[in-house]
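Structure file coords00.txt; described as compact mmCIF, C-alpha atoms (C1' of nucleotides).
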# COMPACT_ATOMS: atom_id res chain seq x y z
CA MET A 1 122.60 61.49 98.27
CA THR A 2 121.73 57.93 97.37
CA ARG A 3 122.86 58.22 93.81
CA PRO A 4 125.89 60.44 93.74
CA GLY A 5 127.49 59.46 90.44
CA GLY A 6 126.95 60.45 86.87
CA ARG A 7 124.29 62.95 86.00
CA SER A 8 123.50 64.07 89.53
CA ALA A 9 127.10 64.98 90.15
CA ARG A 10 127.27 66.71 86.81
CA VAL A 11 124.22 68.82 87.56
CA ARG A 12 125.45 69.66 91.04
CA ASP A 13 128.81 70.82 89.75
CA ALA A 14 127.25 72.81 86.95
CA VAL A 15 124.93 74.55 89.39
CA HIS A 16 127.72 75.28 91.86
CA ASP A 17 129.79 76.68 89.03
CA ALA A 18 126.91 78.84 87.90
CA VAL A 19 126.44 80.21 91.41
CA VAL A 20 130.08 81.13 91.76
CA GLU A 21 130.29 82.61 88.29
CA LEU A 22 127.18 84.72 88.71
CA LEU A 23 128.18 85.98 92.13
CA ALA A 24 131.67 86.73 90.91
CA ALA A 25 130.20 88.61 87.97
CA GLY A 26 128.35 90.89 90.34
CA GLU A 27 124.94 89.29 89.88
CA ILE A 28 124.69 89.28 93.60
CA ASP A 29 121.02 88.45 93.87
CA ALA A 30 120.64 86.27 90.80
CA ALA A 31 117.57 84.16 91.37
CA ILE A 32 117.19 80.45 90.78
CA PRO A 33 115.87 80.65 87.20
CA LYS A 34 118.92 82.66 86.22
CA ILE A 35 121.28 80.27 87.95
CA ALA A 36 119.55 77.36 86.24
CA GLU A 37 119.87 79.00 82.85
CA ARG A 38 123.57 79.65 83.40
CA ALA A 39 124.08 76.05 84.50
CA GLY A 40 122.17 74.69 81.50
CA VAL A 41 119.79 72.97 83.89
CA ASN A 42 116.08 73.08 84.49
CA PRO A 43 115.00 75.39 87.36
CA THR A 44 112.81 72.63 88.74
CA SER A 45 115.85 70.49 89.38
CA ILE A 46 117.27 73.19 91.63
CA TYR A 47 114.03 73.76 93.49
CA ARG A 48 113.66 70.04 94.05
CA ARG A 49 117.20 69.48 95.20
CA TRP A 50 118.02 72.57 97.22
CA GLY A 51 114.62 74.02 98.01
CA SER A 52 115.74 77.60 98.38
CA ARG A 53 118.36 79.97 97.08
CA ASP A 54 119.95 80.23 100.51
CA HIS A 55 120.37 76.50 100.87
CA LEU A 56 121.96 76.40 97.46
CA LEU A 57 124.36 79.21 98.24
CA LEU A 58 125.35 77.70 101.55
CA ASP A 59 125.91 74.33 99.93
CA ALA A 60 128.00 75.83 97.16
CA ALA A 61 130.09 77.85 99.59
CA VAL A 62 130.75 74.98 101.95
CA THR A 63 131.49 72.53 99.16
CA ARG A 64 133.94 74.83 97.43
CA LEU A 65 135.60 76.25 100.53
CA ARG A 66 136.14 72.77 101.89
CA ALA A 67 138.56 72.15 99.06
CA THR A 68 140.82 75.03 100.08
CA SER A 69 143.29 75.26 102.93
CA PRO A 70 143.63 71.84 104.51
CA ILE A 71 145.81 71.62 107.62
CA PRO A 72 149.12 69.95 106.69
CA ASP A 73 151.27 67.77 108.96
CA THR A 74 154.71 69.32 108.85
CA GLY A 75 156.04 68.15 112.20
CA SER A 76 155.91 71.56 113.85
CA LEU A 77 152.99 73.64 114.98
CA HIS A 78 154.38 76.66 113.24
CA GLY A 79 154.58 74.78 109.98
CA ASP A 80 151.11 73.34 110.34
CA LEU A 81 149.46 76.64 111.14
CA LEU A 82 151.45 78.47 108.52
CA GLY A 83 150.51 76.01 105.80
CA TRP A 84 146.87 76.24 106.73
CA ALA A 85 146.83 80.01 107.12
CA GLU A 86 148.59 80.53 103.82
CA GLY A 87 145.89 78.44 102.19
CA VAL A 88 143.28 80.66 103.76
CA GLU A 89 145.18 83.76 102.66
CA ARG A 90 145.36 82.45 99.13
CA ALA A 91 141.63 81.85 99.08
CA MET A 92 140.99 85.29 100.52
CA ARG A 93 143.12 86.94 97.88
CA ASP A 94 141.08 85.22 95.21
CA ARG A 95 137.87 86.81 94.04
CA ARG A 96 135.96 83.56 94.10
CA GLY A 97 137.12 82.76 97.59
CA GLN A 98 135.96 86.16 98.75
CA ILE A 99 132.59 85.67 97.14
CA LEU A 100 132.17 82.28 98.74
CA LEU A 101 133.08 83.54 102.18
CA ARG A 102 130.54 86.33 101.88
CA ALA A 103 127.89 83.90 100.70
CA LEU A 104 128.68 81.59 103.60
CA VAL A 105 128.35 84.34 106.17
CA ALA A 106 125.29 85.85 104.56
CA THR A 107 123.36 82.60 104.52
CA MET A 108 124.34 81.45 108.00
CA ALA A 109 121.23 82.85 109.65
CA PRO A 110 121.14 82.73 113.44
CA ASP A 111 119.15 79.93 115.09
CA GLN A 112 119.92 77.74 112.14
CA GLU A 113 121.26 74.24 112.20
CA PRO A 114 125.04 74.34 112.74
CA VAL A 115 127.30 74.06 109.72
CA GLU A 116 129.07 70.73 109.98
CA TYR A 117 131.99 71.89 107.92
CA LEU A 118 132.91 74.58 110.42
CA LYS A 119 132.84 72.19 113.33
CA ALA A 120 134.95 69.74 111.37
CA ARG A 121 137.50 72.45 110.69
CA GLY A 122 137.62 73.30 114.38
CA ASP A 123 138.26 69.66 115.16
CA ASP A 124 141.07 69.51 112.61
CA LEU A 125 142.66 72.53 114.22
CA GLN A 126 142.33 70.99 117.66
CA ALA A 127 143.99 67.83 116.42
CA ALA A 128 146.95 69.80 115.12
CA LEU A 129 147.27 71.57 118.47
CA ASP A 130 147.05 68.26 120.34
CA LYS A 131 149.84 66.80 118.26
CA ALA A 132 152.00 69.81 119.00
CA ALA A 133 151.23 69.60 122.70
CA ALA A 134 152.20 65.94 122.66
CA ARG A 135 155.53 66.97 121.15
CA GLY A 136 155.99 69.34 124.07
CA GLU A 137 155.47 72.54 122.13
CA PRO A 138 153.64 75.44 123.76
CA VAL A 139 150.25 75.70 122.11
CA PRO A 140 147.48 78.29 121.85
CA THR A 141 143.82 77.38 122.15
CA VAL A 142 141.63 76.91 119.12
CA ASP A 143 139.84 80.10 120.04
CA GLU A 144 143.10 82.00 119.99
CA VAL A 145 143.93 80.67 116.55
CA LEU A 146 140.50 81.68 115.29
CA ASP A 147 140.69 85.09 116.97
CA PHE A 148 144.15 86.12 115.90
CA VAL A 149 144.70 84.37 112.59
CA LEU A 150 141.41 83.50 110.94
CA ALA A 151 139.33 86.45 112.13
CA PRO A 152 141.70 89.14 110.80
CA LEU A 153 141.94 87.44 107.42
CA TYR A 154 138.21 86.97 107.10
CA LEU A 155 137.32 90.42 108.35
CA ARG A 156 139.56 92.06 105.82
CA VAL A 157 137.61 90.39 103.06
CA LEU A 158 134.18 90.98 104.57
CA PHE A 159 134.94 94.65 105.08
CA ARG A 160 136.67 94.93 101.74
CA ARG A 161 140.08 95.84 103.09
CA PRO A 162 143.05 94.50 101.12
CA VAL A 163 144.71 91.25 102.14
CA GLU A 164 148.42 91.97 101.71
CA PRO A 165 150.73 89.10 100.80
CA GLY A 166 152.40 87.71 103.90
CA THR A 167 149.51 88.57 106.20
CA ALA A 168 149.03 84.94 107.18
CA ALA A 169 152.69 84.49 108.07
CA ARG A 170 152.70 87.65 110.13
CA LEU A 171 149.58 86.65 112.05
CA VAL A 172 150.81 83.14 112.76
CA GLY A 173 154.20 84.48 113.82
CA ARG A 174 152.63 86.95 116.17
CA LEU A 175 150.35 84.35 117.70
CA LEU A 176 153.12 81.88 118.41
CA THR A 177 155.79 84.28 119.64
CA ALA A 178 153.30 85.71 122.13
CA LEU A 179 152.84 82.27 123.60
CA PRO A 180 155.72 81.12 125.80
CA ALA A 181 155.95 84.33 127.82
CA ASP A 182 152.24 84.26 128.54
CA PRO A 183 150.95 80.70 128.36
CA ALA A 184 147.39 81.50 129.51
CA PRO A 185 145.67 84.88 129.32
CA PRO A 186 143.75 86.10 132.44
CA ALA A 187 140.34 84.79 131.47
CA GLY A 188 141.04 81.16 130.54
CA ARG A 189 138.72 79.34 128.22
CA GLY A 190 138.95 75.69 127.33
CA GLY A 191 139.35 75.09 123.59
CA MET B 1 117.58 114.25 102.17
CA THR B 2 116.29 117.72 101.54
CA ARG B 3 113.35 117.47 103.90
CA PRO B 4 114.45 115.40 106.85
CA GLY B 5 111.87 116.36 109.45
CA GLY B 6 108.36 115.24 110.21
CA ARG B 7 106.75 112.56 108.15
CA SER B 8 109.83 111.50 106.22
CA ALA B 9 111.74 110.85 109.41
CA ARG B 10 108.78 109.03 110.84
CA VAL B 11 108.50 106.75 107.84
CA ARG B 12 112.23 106.13 107.78
CA ASP B 13 112.30 105.14 111.43
CA ALA B 14 109.23 102.95 111.09
CA VAL B 15 110.79 101.15 108.14
CA HIS B 16 114.13 100.70 109.89
CA ASP B 17 112.31 99.35 112.91
CA ALA B 18 110.33 96.96 110.76
CA VAL B 19 113.51 95.69 109.13
CA VAL B 20 115.20 95.03 112.45
CA GLU B 21 112.12 93.45 113.98
CA LEU B 22 111.51 91.15 111.05
CA LEU B 23 115.13 90.08 110.79
CA ALA B 24 115.30 89.54 114.53
CA ALA B 25 112.15 87.47 114.34
CA GLY B 26 113.80 85.14 111.88
CA GLU B 27 112.07 86.47 108.79
CA ILE B 28 115.45 86.60 107.20
CA ASP B 29 114.33 87.16 103.64
CA ALA B 30 111.23 89.23 104.26
CA ALA B 31 110.54 91.12 101.07
CA ILE B 32 109.64 94.77 100.74
CA PRO B 33 105.85 94.35 100.79
CA LYS B 34 106.14 92.54 104.10
CA ILE B 35 108.45 95.14 105.56
CA ALA B 36 106.07 97.86 104.40
CA GLU B 37 103.13 96.14 106.00
CA ARG B 38 104.98 95.77 109.28
CA ALA B 39 105.99 99.41 109.18
CA GLY B 40 102.46 100.52 108.39
CA VAL B 41 103.75 102.14 105.24
CA ASN B 42 103.00 101.81 101.57
CA PRO B 43 105.39 99.53 99.65
CA THR B 44 105.76 102.16 96.96
CA SER B 45 107.33 104.52 99.44
CA ILE B 46 110.07 102.02 100.12
CA TYR B 47 110.70 101.27 96.47
CA ARG B 48 110.88 104.98 95.72
CA ARG B 49 113.19 105.84 98.58
CA TRP B 50 115.53 102.88 98.78
CA GLY B 51 115.15 101.24 95.41
CA SER B 52 116.10 97.75 96.52
CA ARG B 53 115.93 95.56 99.55
CA ASP B 54 119.71 95.51 99.82
CA HIS B 55 119.98 99.27 99.89
CA LEU B 56 117.36 99.37 102.59
CA LEU B 57 119.10 96.76 104.69
CA LEU B 58 122.46 98.45 104.35
CA ASP B 59 120.95 101.79 105.28
CA ALA B 60 119.18 100.35 108.29
CA ALA B 61 122.30 98.56 109.49
CA VAL B 62 124.60 101.55 109.12
CA THR B 63 122.11 103.95 110.69
CA ARG B 64 121.50 101.76 113.68
CA LEU B 65 125.06 100.57 114.20
CA ARG B 66 126.31 104.14 114.06
CA ALA B 67 124.47 104.80 117.29
CA THR B 68 126.38 102.11 119.16
CA SER B 69 129.93 102.13 120.50
CA PRO B 70 131.34 105.63 120.08
CA ILE B 71 134.98 106.12 121.03
CA PRO B 72 135.19 107.94 124.36
CA ASP B 73 137.93 110.34 125.45
CA THR B 74 139.13 109.02 128.78
CA GLY B 75 142.64 110.42 128.80
CA SER B 76 144.35 107.07 128.23
CA LEU B 77 144.49 104.86 125.18
CA HIS B 78 143.56 101.85 127.25
CA GLY B 79 140.47 103.62 128.52
CA ASP B 80 139.48 104.84 125.08
CA LEU B 81 139.86 101.47 123.41
CA LEU B 82 138.23 99.67 126.30
CA GLY B 83 135.22 101.95 126.27
CA TRP B 84 134.82 101.53 122.55
CA ALA B 85 135.39 97.79 122.54
CA GLU B 86 132.96 97.24 125.38
CA GLY B 87 130.37 99.09 123.35
CA VAL B 88 131.05 96.77 120.45
CA GLU B 89 130.88 93.77 122.75
CA ARG B 90 127.56 94.94 124.13
CA ALA B 91 126.17 95.31 120.61
CA MET B 92 127.48 91.88 119.67
CA ARG B 93 125.86 90.26 122.68
CA ASP B 94 122.55 91.73 121.65
CA ARG B 95 120.40 89.91 119.14
CA ARG B 96 119.60 93.03 117.20
CA GLY B 97 123.22 94.05 117.00
CA GLN B 98 124.09 90.61 115.66
CA ILE B 99 121.36 90.85 113.07
CA LEU B 100 122.52 94.25 111.95
CA LEU B 101 126.13 93.18 111.62
CA ARG B 102 125.12 90.24 109.50
CA ALA B 103 122.93 92.44 107.32
CA LEU B 104 125.78 94.89 106.92
CA VAL B 105 128.23 92.25 105.82
CA ALA B 106 125.74 90.45 103.62
CA THR B 107 124.82 93.55 101.67
CA MET B 108 128.33 94.95 101.27
CA ALA B 109 128.89 93.42 97.88
CA PRO B 110 132.38 93.72 96.44
CA ASP B 111 133.04 96.45 93.86
CA GLN B 112 130.44 98.56 95.54
CA GLU B 113 130.76 102.14 96.62
CA PRO B 114 132.60 102.28 99.94
CA VAL B 115 130.56 102.57 103.11
CA GLU B 116 131.24 106.02 104.51
CA TYR B 117 130.40 104.97 108.02
CA LEU B 118 133.21 102.44 108.12
CA LYS B 119 135.76 104.94 106.94
CA ALA B 120 134.53 107.45 109.49
CA ARG B 121 134.97 104.87 112.22
CA GLY B 122 138.50 104.18 111.05
CA ASP B 123 139.23 107.88 111.22
CA ASP B 124 137.83 108.12 114.74
CA LEU B 125 140.09 105.27 115.77
CA GLN B 126 143.09 106.92 114.17
CA ALA B 127 142.31 110.13 116.02
CA ALA B 128 142.28 108.31 119.34
CA LEU B 129 145.62 106.71 118.52
CA ASP B 130 147.08 110.05 117.51
CA LYS B 131 146.05 111.62 120.78
CA ALA B 132 147.68 108.78 122.68
CA ALA B 133 150.84 109.08 120.62
CA ALA B 134 150.91 112.81 121.38
CA ARG B 135 150.76 111.93 125.06
CA GLY B 136 153.79 109.73 124.55
CA GLU B 137 151.98 106.41 124.92
CA PRO B 138 153.05 103.48 122.76
CA VAL B 139 150.32 102.94 120.20
CA PRO B 140 149.28 100.16 117.82
CA THR B 141 148.21 100.84 114.27
CA VAL B 142 144.56 101.05 113.27
CA ASP B 143 144.99 97.80 111.41
CA GLU B 144 146.20 96.10 114.55
CA VAL B 145 143.19 97.34 116.49
CA LEU B 146 140.89 96.07 113.79
CA ASP B 147 142.73 92.76 113.51
CA PHE B 148 143.00 91.89 117.16
CA VAL B 149 140.00 93.53 118.78
CA LEU B 150 137.24 94.13 116.26
CA ALA B 151 137.81 91.10 114.03
CA PRO B 152 137.56 88.52 116.85
CA LEU B 153 134.38 90.09 118.20
CA TYR B 154 132.74 90.31 114.81
CA LEU B 155 133.80 86.87 113.67
CA ARG B 156 132.32 85.26 116.75
CA VAL B 157 128.96 86.69 115.82
CA LEU B 158 129.20 85.95 112.13
CA PHE B 159 130.18 82.36 112.81
CA ARG B 160 127.71 82.03 115.63
CA ARG B 161 130.22 81.41 118.35
CA PRO B 162 129.35 82.83 121.78
CA VAL B 163 130.68 86.24 122.83
CA GLU B 164 131.65 85.73 126.46
CA PRO B 165 131.41 88.71 128.81
CA GLY B 166 134.82 90.32 129.20
CA THR B 167 135.99 89.38 125.74
CA ALA B 168 136.52 93.02 124.78
CA ALA B 169 138.61 93.75 127.86
CA ARG B 170 140.73 90.65 127.28
CA LEU B 171 141.36 91.54 123.64
CA VAL B 172 142.26 95.16 124.38
CA GLY B 173 144.52 94.09 127.22
CA ARG B 174 146.30 91.61 125.02
CA LEU B 175 146.76 94.13 122.23
CA LEU B 176 148.26 96.81 124.46
CA THR B 177 150.49 94.61 126.63
CA ALA B 178 152.02 93.16 123.49
CA LEU B 179 153.02 96.63 122.38
CA PRO B 180 156.01 98.03 124.27
CA ALA B 181 158.16 94.93 123.98
CA ASP B 182 157.57 94.78 120.24
CA PRO B 183 156.75 98.24 118.90
CA ALA B 184 156.56 97.22 115.25
CA PRO B 185 155.93 93.70 113.95
CA PRO B 186 158.23 92.37 111.17
CA ALA B 187 156.13 93.45 108.21
CA GLY B 188 155.28 97.05 108.95
CA ARG B 189 152.24 98.65 107.46
CA GLY B 190 151.24 102.27 107.83
CA GLY B 191 147.84 102.69 109.51
C1' DT C 1 97.92 131.56 107.39
C1' DC C 2 98.59 130.43 102.82
C1' DC C 3 101.54 128.45 99.05
C1' DT C 4 104.69 125.33 97.25
C1' DT C 5 106.39 120.99 96.57
C1' DA C 6 108.76 116.83 98.31
C1' DA C 7 107.29 112.69 99.68
C1' DA C 8 103.71 109.27 100.76
C1' DG C 9 99.64 106.82 99.31
C1' DC C 10 96.73 104.36 96.03
C1' DC C 11 95.71 101.44 92.14
C1' DA C 12 96.37 99.00 87.99
C1' DT C 13 99.65 96.45 85.54
C1' DC C 14 103.59 93.82 84.40
C1' DT C 15 107.15 90.71 85.27
C1' DT C 16 109.21 87.01 87.52
C1' DG C 17 109.89 83.48 90.69
C1' DA C 18 107.86 79.35 92.96
C1' DT C 19 105.18 75.20 92.83
C1' DT C 20 103.11 70.80 91.10
C1' DG C 21 101.72 66.70 88.09
C1' DC C 22 103.44 64.15 84.65
C1' DT C 23 106.98 62.42 81.37
C1' DT C 24 111.57 61.23 80.14
C1' DT C 25 116.28 60.13 81.03
C1' DA C 26 120.05 57.57 82.65
C1' DA C 27 122.64 55.52 86.84
C1' DA C 28 122.94 51.28 89.55
C1' DG C 29 121.76 46.45 90.48
C1' DC C 30 120.65 42.01 88.75
C1' DG D 1 121.71 43.86 78.41
C1' DC D 2 117.43 44.26 80.95
C1' DT D 3 114.92 46.19 84.92
C1' DT D 4 114.29 49.43 88.38
C1' DT D 5 113.91 53.88 90.06
C1' DA D 6 116.07 58.22 91.54
C1' DA D 7 116.57 62.37 89.55
C1' DA D 8 116.11 65.63 85.69
C1' DG D 9 113.17 67.81 82.27
C1' DC D 10 108.85 69.88 80.69
C1' DA D 11 104.67 72.68 80.82
C1' DA D 12 100.95 74.83 82.99
C1' DT D 13 99.55 77.24 86.95
C1' DC D 14 99.82 80.10 90.92
C1' DA D 15 101.55 83.70 93.88
C1' DA D 16 104.07 87.67 94.72
C1' DG D 17 107.07 91.33 94.15
C1' DA D 18 108.29 95.33 91.24
C1' DT D 19 106.99 99.32 88.65
C1' DG D 20 104.70 103.67 87.01
C1' DG D 21 100.95 107.16 86.55
C1' DC D 22 98.21 109.83 89.21
C1' DT D 23 96.27 111.73 93.64
C1' DT D 24 96.69 113.20 98.29
C1' DT D 25 99.11 114.68 102.34
C1' DA D 26 101.84 117.57 105.15
C1' DA D 27 106.49 119.98 106.09
C1' DG D 28 108.83 124.26 105.40
C1' DG D 29 109.12 128.90 103.75
C1' DA D 30 106.97 133.40 102.48

Let me see whether you can do it: turn the structure in this file into structure tokens.
Amino acid sequence: MTRPGGRSARVRDAVHDAVVELLAAGEIDAAIPKIAERAGVNPTSIYRRWGSRDHLLLDAAVTRLRATSPIPDTGSLHGDLLGWAEGVERAMRDRRGQILLRALVATMAPDQEPVEYLKARGDDLQAALDKAAARGEPVPTVDEVLDFVLAPLYLRVLFRRPVEPGTAARLVGRLLTALPADPAPPAGRGG
Amino acid sequence: MTRPGGRSARVRDAVHDAVVELLAAGEIDAAIPKIAERAGVNPTSIYRRWGSRDHLLLDAAVTRLRATSPIPDTGSLHGDLLGWAEGVERAMRDRRGQILLRALVATMAPDQEPVEYLKARGDDLQAALDKAAARGEPVPTVDEVLDFVLAPLYLRVLFRRPVEPGTAARLVGRLLTALPADPAPPAGRGG
DNA sequence: TCCTTAAAGCCATCTTGATTGCTTTAAAGC
DNA sequence: GCTTTAAAGCAATCAAGATGGCTTTAAGGA
């Protein structure tokens, strides 16, 4: 993106908006011409910039999801994870967040180039765990956090089960209270 | 399906096969004419029977996934859950199983009619838990099984993380050992 | 074995999405 | 403010998928 300001940014945002709006409105397989029309943009611009509908959807999902649920620095692991997980829960209770998650998963074909955003999020999580470990707190692995906090939240949305308020807090609580008594489960895996 | 035998069944299987093969081969957005060609079937037949590509994909995914990972009756909850979860793990370590899961999730748009198969699976799970409870074993809720066994397995696949051998056993073990000490987590929810 | 009739096949048509060359606009640098 | 040049807009073309009427096939019942 050699020229990120002004019109380019405007078009990109308009197109991302159009994608989210159309998906949220149930136009699940709205094609590029329709998206372009909704965005008030010429279809050619989309073809030239994103190439395919899937690339566009992935880009929109990653861009918009990135804005939600940062990992805070509260001074305790519980606080950090809770803040993050509650952000995820909030996104997952929101229709647009649900739509974006589904779009992300749907367009992440196997054998594709890895999604940088996901790796970055994993690194952020690892950093929070490292800080906690340095403070002497008992810490889970990144995999455990993903398995027992993120996975349940995401799966609820993907399988259209309700995400009750307080789910994030319950999951984080369960993860951390299970820790001290059983610092490393039988089959150990490095985070 | 008023006439399920013979040619209809043959066409249906051929089309399902074609879908799985094409998806597995990376032809992620193969359209109906291509699927028809691969199946050796006329495109019109597919349009008439399934109506849209999404309906076809959903049908193929549900039909094929239904065949995997039944819940056995081993006489103990641990055995039942382990047998089931290992079936899921096996499917998730298989390329075709991964493909089908992704297709299932991708085509399950929100505000859609519920997928009977998923509800049936939930009922099966509940039945296994009921039997265990009748035997006097401590039992988790269905939600807990989904959260801490199924969700981690599925999310690994959807986010393209590896499913290590033994993951199912580890998850089931963790779920059940956490039970007796803490029969009901803070925020109780009826399964 | 012969009917009946879903369901599949075939073909013509229609619609829609994708692609490309060229022009116009408007950021960014001087 | 002028110049440069990505990036957007426009229009024509091309390719492909979707659809519907009609014919043919073959499963299932009498």

At a cut-off of 10 Å, list the chain B residues touching chain A, using all atoms listed in the file, as a PDB file with C-alpha atoms, in the frame of the given file.
ATOM      1  CA  LEU B  23     115.130  90.080 110.790  1.00  0.00           C
ATOM      2  CA  ALA B  24     115.300  89.540 114.530  1.00  0.00           C
ATOM      3  CA  GLY B  26     113.800  85.140 111.880  1.00  0.00           C
ATOM      4  CA  GLU B  27     112.070  86.470 108.790  1.00  0.00           C
ATOM      5  CA  ILE B  28     115.450  86.600 107.200  1.00  0.00           C
ATOM      6  CA  ASP B  29     114.330  87.160 103.640  1.00  0.00           C
ATOM      7  CA  ASP B  54     119.710  95.510  99.820  1.00  0.00           C
ATOM      8  CA  ARG B  95     120.400  89.910 119.140  1.00  0.00           C
ATOM      9  CA  GLN B  98     124.090  90.610 115.660  1.00  0.00           C
ATOM     10  CA  ILE B  99     121.360  90.850 113.070  1.00  0.00           C
ATOM     11  CA  ARG B 102     125.120  90.240 109.500  1.00  0.00           C
ATOM     12  CA  ALA B 103     122.930  92.440 107.320  1.00  0.00           C
ATOM     13  CA  LEU B 104     125.780  94.890 106.920  1.00  0.00           C
ATOM     14  CA  VAL B 105     128.230  92.250 105.820  1.00  0.00           C
ATOM     15  CA  ALA B 106     125.740  90.450 103.620  1.00  0.00           C
ATOM     16  CA  THR B 107     124.820  93.550 101.670  1.00  0.00           C
ATOM     17  CA  MET B 108     128.330  94.950 101.270  1.00  0.00           C
ATOM     18  CA  ALA B 109     128.890  93.420  97.880  1.00  0.00           C
ATOM     19  CA  PRO B 110     132.380  93.720  96.440  1.00  0.00           C
ATOM     20  CA  ASP B 111     133.040  96.450  93.860  1.00  0.00           C
ATOM     21  CA  GLN B 112     130.440  98.560  95.540  1.00  0.00           C
ATOM     22  CA  PRO B 114     132.600 102.280  99.940  1.00  0.00           C
ATOM     23  CA  VAL B 115     130.560 102.570 103.110  1.00  0.00           C
ATOM     24  CA  LEU B 118     133.210 102.440 108.120  1.00  0.00           C
ATOM     25  CA  ASP B 143     144.990  97.800 111.410  1.00  0.00           C
ATOM     26  CA  GLU B 144     146.200  96.100 114.550  1.00  0.00           C
ATOM     27  CA  LEU B 146     140.890  96.070 113.790  1.00  0.00           C
ATOM     28  CA  ASP B 147     142.730  92.760 113.510  1.00  0.00           C
ATOM     29  CA  PHE B 148     143.000  91.890 117.160  1.00  0.00           C
ATOM     30  CA  VAL B 149     140.000  93.530 118.780  1.00  0.00           C
ATOM     31  CA  LEU B 150     137.240  94.130 116.260  1.00  0.00           C
ATOM     32  CA  ALA B 151     137.810  91.100 114.030  1.00  0.00           C
ATOM     33  CA  PRO B 152     137.560  88.520 116.850  1.00  0.00           C
ATOM     34  CA  LEU B 153     134.380  90.090 118.200  1.00  0.00           C
ATOM     35  CA  TYR B 154     132.740  90.310 114.810  1.00  0.00           C
ATOM     36  CA  LEU B 155     133.800  86.870 113.670  1.00  0.00           C
ATOM     37  CA  ARG B 156     132.320  85.260 116.750  1.00  0.00           C
ATOM     38  CA  VAL B 157     128.960  86.690 115.820  1.00  0.00           C
ATOM     39  CA  LEU B 158     129.200  85.950 112.130  1.00  0.00           C
ATOM     40  CA  PHE B 159     130.180  82.360 112.810  1.00  0.00           C
ATOM     41  CA  ARG B 160     127.710  82.030 115.630  1.00  0.00           C
ATOM     42  CA  ARG B 161     130.220  81.410 118.350  1.00  0.00           C
ATOM     43  CA  GLU B 164     131.650  85.730 126.460  1.00  0.00           C
ATOM     44  CA  GLY B 166     134.820  90.320 129.200  1.00  0.00           C
ATOM     45  CA  THR B 167     135.990  89.380 125.740  1.00  0.00           C
ATOM     46  CA  ALA B 169     138.610  93.750 127.860  1.00  0.00           C
ATOM     47  CA  ARG B 170     140.730  90.650 127.280  1.00  0.00           C
ATOM     48  CA  LEU B 171     141.360  91.540 123.640  1.00  0.00           C
ATOM     49  CA  GLY B 173     144.520  94.090 127.220  1.00  0.00           C
ATOM     50  CA  ARG B 174     146.300  91.610 125.020  1.00  0.00           C
ATOM     51  CA  ALA B 178     152.020  93.160 123.490  1.00  0.00           C
ATOM     52  CA  PRO B 185     155.930  93.700 113.950  1.00  0.00           C
ATOM     53  CA  PRO B 186     158.230  92.370 111.170  1.00  0.00           C
ATOM     54  CA  ALA B 187     156.130  93.450 108.210  1.00  0.00           C
ATOM     55  CA  GLY B 188     155.280  97.050 108.950  1.00  0.00           C
ATOM     56  CA  ARG B 189     152.240  98.650 107.460  1.00  0.00           C
TER      57      ARG B 189
END

TODO: Go through A:Arg93, A:Arg66, A:His55, A:Arg49 one by one, measure the shortest atom-to-atom distance of each to DA8 (chain D) using all atoms listed in the file, and give the residue with the smallest value.
DONE: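 Checking each of A:Arg93, A:Arg66, A:His55, A:Arg49 against DA8 (chain D), counting all atoms listed in the file, the winner is A:Arg49.
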
With only C-alpha atoms (C1' of nucleotides) counted and 12 Å as the cut-off, give the residues of chain A in contact with chain C, each with its shortest interatomic distance in Å and the pair that gives it, as a tab-separated table.
residue	atom	partner	partner_atom	distance
A:Thr2	CA	C:DA28	C1'	10.3
A:Arg3	CA	C:DA27	C1'	7.5
A:Pro4	CA	C:DA27	C1'	9.1
A:Gly5	CA	C:DA27	C1'	7.2
A:Gly6	CA	C:DA27	C1'	6.5
A:Arg7	CA	C:DA26	C1'	7.6
A:Ser8	CA	C:DA27	C1'	9.0
A:Ala9	CA	C:DA27	C1'	11.0
A:Ala30	CA	C:DG17	C1'	11.1
A:Ala31	CA	C:DG17	C1'	7.7
A:Ile32	CA	C:DG17	C1'	7.9
A:Pro33	CA	C:DG17	C1'	7.5
A:Lys34	CA	C:DG17	C1'	10.1
A:Pro43	CA	C:DA18	C1'	9.9
A:Thr44	CA	C:DT19	C1'	9.0
A:Ile46	CA	C:DA18	C1'	11.3
A:Tyr47	CA	C:DA18	C1'	8.3
A:Arg48	CA	C:DT19	C1'	10.0
A:Gly51	CA	C:DA18	C1'	10.0
A:Ser52	CA	C:DA18	C1'	9.7
A:Arg53	CA	C:DG17	C1'	11.2

Those same residues - C-alpha atoms - I'd like them written as a compact mmCIF listing (two decimals), in the coordinates of the input.
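Result file result.txt:
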# COMPACT_ATOMS: atom_id res chain seq x y z
CA THR A 2 121.73 57.93 97.37
CA ARG A 3 122.86 58.22 93.81
CA PRO A 4 125.89 60.44 93.74
CA GLY A 5 127.49 59.46 90.44
CA GLY A 6 126.95 60.45 86.87
CA ARG A 7 124.29 62.95 86.00
CA SER A 8 123.50 64.07 89.53
CA ALA A 9 127.10 64.98 90.15
CA ALA A 30 120.64 86.27 90.80
CA ALA A 31 117.57 84.16 91.37
CA ILE A 32 117.19 80.45 90.78
CA PRO A 33 115.87 80.65 87.20
CA LYS A 34 118.92 82.66 86.22
CA PRO A 43 115.00 75.39 87.36
CA THR A 44 112.81 72.63 88.74
CA ILE A 46 117.27 73.19 91.63
CA TYR A 47 114.03 73.76 93.49
CA ARG A 48 113.66 70.04 94.05
CA GLY A 51 114.62 74.02 98.01
CA SER A 52 115.74 77.60 98.38
CA ARG A 53 118.36 79.97 97.08
